[in-house]
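Everything below concerns the one structure shown next.
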Amino acid sequence: MLEKIKNLKFVNIFWPIFYLLIFIILLKNSFSYLDPDLGWHLKAGEEAFLNKAAPTTNLYNYTYTGNWVNHEWFSDVVLFRLYETVGYEWIVILFALLIVMALVILNVFIYKNAQTKILWPILAGLQLFGLMASLPHLGVRMQELAWLFVLFTLIIIHYYHKTENWRYLLFLPPLFLAWANLHGSFLIGFFLLGSFWGLQIFLQLYFKSRLAQKIILKRGLSWSAIKIFGLFIALAWTATLLNPYHLGLYEFLSGYRNLAYLSLIKEWLPQSNFPFHYDQLIYLALGIIAVIFYSLDRLRAKKALDVWSLFLVIVFSFFAFKSRRHFPLFFITTLPFLVYFNSAFFAKIKIAYQRLLFALVFFCLLLVSTEQLIITKFNNSPFQSCCHKYPCAAVEFLKDNQHYLEYNIFNSYIWGGYLIWNLPEKKIFIDGRLPQVNFAGQSFVEEYSDFFKSETNHEEKLASYDIRLVLMEAKDVDLVARKWEKIFFHIKDEDLKAHNSLRDYLENSSSWKIIYEDSTAKIYFLENDD
């Protein structure tokens with residue numbers, strides 16, 4: 001027994017402790033905040049479960065009352081049932097395990113398909129760094145399902161590329177059938193399939209050109225394998241039609257071609273918007289640097305370039321720069337390439353006192369895991385534990401004063417989901433489900449944003465929707481830049497001040513009165529409705 005322990009490799013002890021740390025970090029992150037969309041996910045799941053059908057009509061807004069396609073309908077049903085039966089704590093644990101499972105699968109995939117020795121500190125370091133940079137987008141959130149589905153799609157592509165065995169492609173139709181009923185991100189899967197297929201056609205044409213003699217590229221699929229791959233793309237697409245909305249699902253998702261939400265919703269903002277996410281920017285820079293050095297090294301040595309890996313890094317880095325929300329997908333799709341590149345680079349560097357270093361790393365992991373677990377605040381009542389950010393008391397005031405619920409209410413966008421679940425008897429102005437749908441001649445989120453512009457005639461705007469109640473944050477929070485950020489990026493304090501013209505109008509109007517306020521929320525009421 002002692003001999004077995006003595007011969008046990010450090011890395012075999014390291015990985016379980018490492019993923020325990022990852023799991024605890026995810027738990028702490030999830031319990032530390034409430035996702036703005038959780039409320040409407042639960043309500044939509046309840047509606048679908050009770051009606052035994054996916055929702056088709058928007059019942060939660062008095063503004064947009066058109067058809068509603070819930071591209072997460074089945075996920076919402078499962079979430080609601082879990083919330084009702086096992087509680088929120090187990091839901092948090094489940095979502096954390098989904099991410100851990102994705103990282104473990106990716107770990108195994110990287111090791112099994114490595115052509116050179118993998119340095120486990122590189123793999124662990126990149127996984128931890130990428131995960132920490134992704135934390136703002138993680139929690140009890142349906143978009144986490146995209147991690148697993150994107151990963152499975154890439155694995156299928158990899159093994160088909162490697163073997164040209166069509167049996168691997170048999171997994172695509174059931175995969176996309178499940179994906180289309182769980183989350184709208186299945187379109188990313190088709191982007192990956194279509195891009196790989198198009199790239200293989202390009203490679204066939206490329207190797208017939210003169211340029212193939214100057215720049216060596218890794219060979220792709222044969223023509224017969226390309227045709228088979230195209231056939232299975234069609235089968236996968238056909239499988240996605242087996243959803244409650246059929247082609248209506250694609251019609252609804254096509255509304256995201258209106259990109260206004262990319263500049264109006266905080267999570268969708270580009271990396272160029274302040275405040276900057278430096279961890280994401282550094283990780284993205286590592287990807288770009290790896291592409292440059294890998295390409296130069298291969299060209300110099302006249303070795304074949306892996307264009308599929310380069311495509312993934314370049315395209316998903318563009319997506320992640322365009323919108324912070326896409327950073328987790330950049331992390332998950334490019335990790336193998338970054339691990340292979342950095343392992344080959346750092347393999348040339350010898351590190352002294354390796355055993356001492358390993359022991360120190362192991363001790364730090366145990367220490368950090370314990371510390372994170374201790375400070376994690378477990379709770380089974382997410383809506384009550386986040387009242388410092390959500391209008392808990394304001395909602396109770398409205399419930400106690402039912403006569404106010406007779407009037408149309410204008411609500412903060414991020415509180416829409418909370419209100420749908422906690423004040424279901426009241427239809428609201430907007431929530432996080434339909435920011436891109438066409439409404440009032442523009443997207444719904446643009447119409448909402450017009451209320452806060454200084455050039456808006458607020459009296460007419462509010463009257464056009466017969467709004468007599470306004471529920472918004474108690475105060476506007478200005479962004480704050482560090483001194484070095486002001487100097488380096490030429491940022492001025494006045495540029496970071498919150499500009500809420502709607503609040504200015506309500507505060508200065510003789511007709512609008514504050515009927516409730518606390519440190520989190522204020523409720524304004526139009527007393528004189530002439």
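Each chain in the structure tokens gets a letter, A, B and so on, in the order shown; residues start at 1 in every chain, and ligands are counted from 1 in the order they appear.
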
Original post:
Which polymer residues have any atom within 8 Å of an atom of Ile233 in chain A, counting only C-alpha atoms, with same-chain residues fewer than 4 positions away left out, as a VMD selection string?
Top reply: chain A and resid 172 190 193 to 194 229 237

Original post:
Tell me, which residues of range 74-215 of chain A carry DSSP alpha helix (DSSP H), written as a PyMOL selection string?
Top reply: chain A and resi 74-85+88-112+120-134+145-163+172-182+186-206

Original post:
Using only C-alpha atoms, which residues sit within 9 Å of range 344-346 of chain A once same-chain residues fewer than 5 positions away are excluded, as a PyMOL selection string?
Top reply: chain A and resi 116-119+122+339

Original post:
Neighbours of Tyr159 in chain A within 12 Å (only C-alpha atoms; same-chain residues fewer than 5 positions away dropped), as a count of residues only?
Top reply: 14

Subject >> Selection: 7 Å around Phe410 in chain A, only C-alpha atoms, excl. self and same-chain fewer than 2 positions, as a ChimeraX atom specification >> reply: /A:408,428-429,467,469-471

**OP:** Name the closest residue to Ile420 in chain A among the candidates A:Leu94, A:Ala304, A:Leu42, A:Ile110; distances are taken between atoms, counting only C-alpha atoms.
**Re:** A:Leu42

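Among the candidates A:Gly441, A:Pro244, A:Ile188, A:Ile216, the one nearest to Ala48 in chain A when counting only C-alpha atoms is A:Pro244.
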
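For the residues A:Leu405, A:Ala521, A:Leu217, A:Ile430, ranking by smallest atom-to-atom distance to Asn58 in chain A using only C-alpha atoms places A:Ile430 first.
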
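If you look at CA of Ser263 in chain A and CA of Met142 in chain A, they are 21.9 Å away from each other.
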
Original post:
Pick from A:Ser254, A:Asn70, A:Ser272, A:Gln280: nearest to Leu131 in chain A, with only C-alpha atoms counted?
Top reply: A:Gln280

Using DSSP secondary structure from the backbone, list all strand (DSSP E or B) positions within range 246-447 of chain A, as a compact mmCIF listing (two decimals) with N, CA, C and O atoms, in the first residue's frame.
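Writing the result to states30.txt gives the following:
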# COMPACT_ATOMS: atom_id res chain seq x y z
N LEU A 305 0.45 24.21 -42.16
CA LEU A 305 -0.36 24.99 -41.24
C LEU A 305 -1.71 24.30 -41.02
O LEU A 305 -2.33 23.82 -41.97
N ASN A 408 -50.33 51.03 -15.97
CA ASN A 408 -49.16 50.55 -16.69
C ASN A 408 -47.88 51.00 -16.00
O ASN A 408 -47.78 52.12 -15.52
N ILE A 409 -46.91 50.10 -15.96
CA ILE A 409 -45.66 50.37 -15.27
C ILE A 409 -44.49 50.35 -16.25
O ILE A 409 -44.45 49.52 -17.18
N PHE A 410 -43.58 51.29 -16.07
CA PHE A 410 -42.31 51.27 -16.81
C PHE A 410 -41.25 50.76 -15.85
O PHE A 410 -41.06 51.33 -14.76
N ASN A 411 -40.56 49.71 -16.23
CA ASN A 411 -39.61 49.06 -15.34
C ASN A 411 -38.21 49.02 -15.92
O ASN A 411 -38.02 49.10 -17.14
N ILE A 428 -45.58 43.91 -17.50
CA ILE A 428 -44.52 44.91 -17.41
C ILE A 428 -44.17 45.47 -18.78
O ILE A 428 -44.71 45.01 -19.81
N ASN A 438 -38.83 43.29 -33.52
CA ASN A 438 -39.26 44.56 -34.11
C ASN A 438 -40.44 45.12 -33.33
O ASN A 438 -41.46 44.46 -33.16
N PHE A 439 -40.27 46.35 -32.86
CA PHE A 439 -41.32 46.98 -32.06
C PHE A 439 -41.25 48.49 -32.24
O PHE A 439 -40.17 49.08 -32.12
N GLN A 442 -38.56 49.91 -34.55
CA GLN A 442 -37.15 49.61 -34.24
C GLN A 442 -37.12 48.39 -33.34
O GLN A 442 -38.14 47.73 -33.15
N SER A 443 -35.97 48.05 -32.81
CA SER A 443 -35.93 46.91 -31.91
C SER A 443 -36.53 47.31 -30.56
O SER A 443 -36.56 48.48 -30.19

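You can rank A:Phe31, A:Trp73, A:Glu267, A:Ile226 by their closest distance to Lys43 in chain A using only C-alpha atoms, and at the top of that list sits A:Trp73.
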